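What follows is a short report on a single structure.
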Amino acid sequence: MVAPEQLLDGFVPDFEFTPIDPLPASEFETRLRRILREAVLRDYDGLIIQAEMAGWLRTSNHYLRWVCDWTREGVLLIPTDKAEASILFSFYSDAALVPPPGEPTWVDDIRQVGGWGRQFFARPGDTTSKLVEATKSAVADLGLTGGRFALIGDYLSTPYWTGLAKAMPNEQFHEENEIILRMQRVRSAKEQDLVRAAAQLIDIGIQAAHHVIRPGVTDHEIYAAFSYAQLARGGETADSYQIGINRHGTHVSKPYGHVVRPGDIIQLYISSVTYRGYVAQAARMVAVGDVSDEQEEVFEMCVDAVERAMRRARPGVLVSDVHNAAFEAYIKRGFLESAQARTMPWNWEPNPDGTPRAVPRRDVDDEDWEAQGRKLRHVYPATIGPNSPGLGHELSLPGMRDYPVTSSNHDELEPGMIFVTHAQWLDPLHVGCNLGNALLITGDGIENLSCHTPLEPFRVEV
């Protein structure tokens, strides 16, 4: 038996990864100027930007990271007319993270709030209340009492927002996430470099997975090979992607101990690899031995769909045109009647009347799961179609809202836009496929950022 550590022996990617330096401070200063301009146009006296820790040493959004490169929880108070006096309140969770990375590029005044509560910190008090008190005091010290403030955060910010409103009745607060979200549509040249690097990490990880896949290898070992290859070159996380294996190409999951066998179809759904805060995405399939003619047709259709989208995408073309071009591959083969997302079937759709759909109850054979004393008792996914009724979405920072690549998005493509096009078709217990590339719109066409691994399914001979 080969030890897991030996599976990668002899592995060398067929291209050299190009590491990219962190964004320069000047990039963040430009962002600050744009934010301040938006605050002036809306007549705000200041902005309050907040992110919480959301488990596994991650923040609930990337607003602070995008604004000043701060990578842990915090509240950033920015006076519109005196941004150099901005104050960052942080260090109130139980995380022990300190820079680097994450040293704020232009914020000098960082204040440590501390964690509060008898159980964990042996300090009577409430952390949110202490954060509100600190904000109120800082607003007064900055001469902004009675002012208007833009709030930028997420659902975990709600207790803090509520506390501000109660403690500061003379101030006006308005949620304004759009100030930052609207700035995510087009990526700068330096941001493009980071997403390109993230896409290279995905391709290296996929090549590593290809290197180890063979009968007898487990999904844990495939996942580990992918993770090691990208983490060793600067990837930030190893828990934002799925690797699924079954006989039908329909499994998307985390590893659970599946042993690869002839006839298996492996889905490498790399929904996110992060490099210096920026993510890329891709999807690839692996066939272990021979597959059915129906499965080959679905493979061919999904390859065709992504290639049609790539041929259509260029500056000035509507996003919806890219979606429609891809789904012509489905219509041509009789899998769909229309490319309209409103009428398209998809894996997670409810009943036609909008009520929750029952997931089919049926015992499904899975010897590796059963060997662990458990049974697969339902059919997943519950319905036929792609994962969602669309071709893809923008690639942004985690926690930022993405624009969809779908039939109802009639925005024009612009140079600097980056999105994923993934063609999917899952027919429960029958056939399945998920193939996708990350694309960058250039001045005269596209750059395929997922260019170091073939779009076509990888074949393992047995």
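Going by the structure tokens order, chains are called A, B, ..., each with residues numbered from 1, while ligands are numbered from 1 in the order shown.
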- Message: Among stretch 255-402 of chain A, which residues does DSSP mark as alpha helix (DSSP H) when it is run on the backbone? Keep the chain and numbering as in the structure and answer as a ChimeraX atom specification.
- Response: /A:293-312,319-332,367-370
- Task: Within 8 Å of A:Asp219, counting only C-alpha atoms, which residues show up once you throw out same-chain ones fewer than 6 positions away? Write them as a PyMOL selection string, please.
- Result: chain A and resi 243-245+255-260
I need the residues from that last selection saved to file as a JSON list (two decimals), in the first residue's frame (with N, CA and C atoms), if you can.
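The result, written out as selection.json:
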[["chain", "number", "residue", "atom", "x", "y", "z"],
["A", 243, "ILE", "N", -14.93, 18.07, -3.94],
["A", 243, "ILE", "CA", -14.52, 16.97, -4.80],
["A", 243, "ILE", "C", -15.50, 15.82, -4.57],
["A", 244, "GLY", "N", -16.24, 15.46, -5.61],
["A", 244, "GLY", "CA", -17.25, 14.42, -5.48],
["A", 244, "GLY", "C", -16.97, 13.26, -6.40],
["A", 245, "ILE", "N", -17.34, 12.05, -5.96],
["A", 245, "ILE", "CA", -17.10, 10.84, -6.75],
["A", 245, "ILE", "C", -18.32, 9.92, -6.64],
["A", 255, "PRO", "N", -14.63, 15.27, 1.05],
["A", 255, "PRO", "CA", -14.21, 13.87, 1.14],
["A", 255, "PRO", "C", -14.88, 13.16, 2.33],
["A", 256, "TYR", "N", -15.19, 11.88, 2.15],
["A", 256, "TYR", "CA", -15.76, 11.10, 3.23],
["A", 256, "TYR", "C", -15.20, 9.68, 3.29],
["A", 257, "GLY", "N", -14.25, 9.35, 2.39],
["A", 257, "GLY", "CA", -13.66, 8.03, 2.41],
["A", 257, "GLY", "C", -13.99, 7.17, 1.21],
["A", 258, "HIS", "N", -14.47, 7.80, 0.12],
["A", 258, "HIS", "CA", -14.77, 7.04, -1.10],
["A", 258, "HIS", "C", -13.47, 6.54, -1.72],
["A", 259, "VAL", "N", -13.46, 5.27, -2.06],
["A", 259, "VAL", "CA", -12.31, 4.66, -2.73],
["A", 259, "VAL", "C", -12.57, 4.65, -4.23],
["A", 260, "VAL", "N", -11.64, 5.17, -5.00],
["A", 260, "VAL", "CA", -11.81, 5.24, -6.46],
["A", 260, "VAL", "C", -11.81, 3.84, -7.05]]
- Task: Counting only C-alpha atoms, figure out which residue out of A:Ile87, A:Ile446, A:Ala358, A:Val298 gets nearest to A:Thr383.
- Result: A:Ala358
- Restricting the calculation to only C-alpha atoms, which member of A:Ile78, A:Ala309, A:Ala209, A:Leu194 is positioned closest to A:Arg284? A:Ala209
- Task: Just the residues within 8 Å of A:Gly277, please, counting only C-alpha atoms, with nothing from its chain fewer than 6 positions along; format it as a count of residues only.
- Result: 4
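Distances here use only C-alpha atoms; by that measure, the residue among A:Ala232, A:Ile48, A:Val286, A:Ile331 closest to A:His210 is A:Val286.
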- Do you have the atom CA of A:Ile270-atom CA of A:Ile202 distance handy?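 These two atoms are separated by 7.2 Å.
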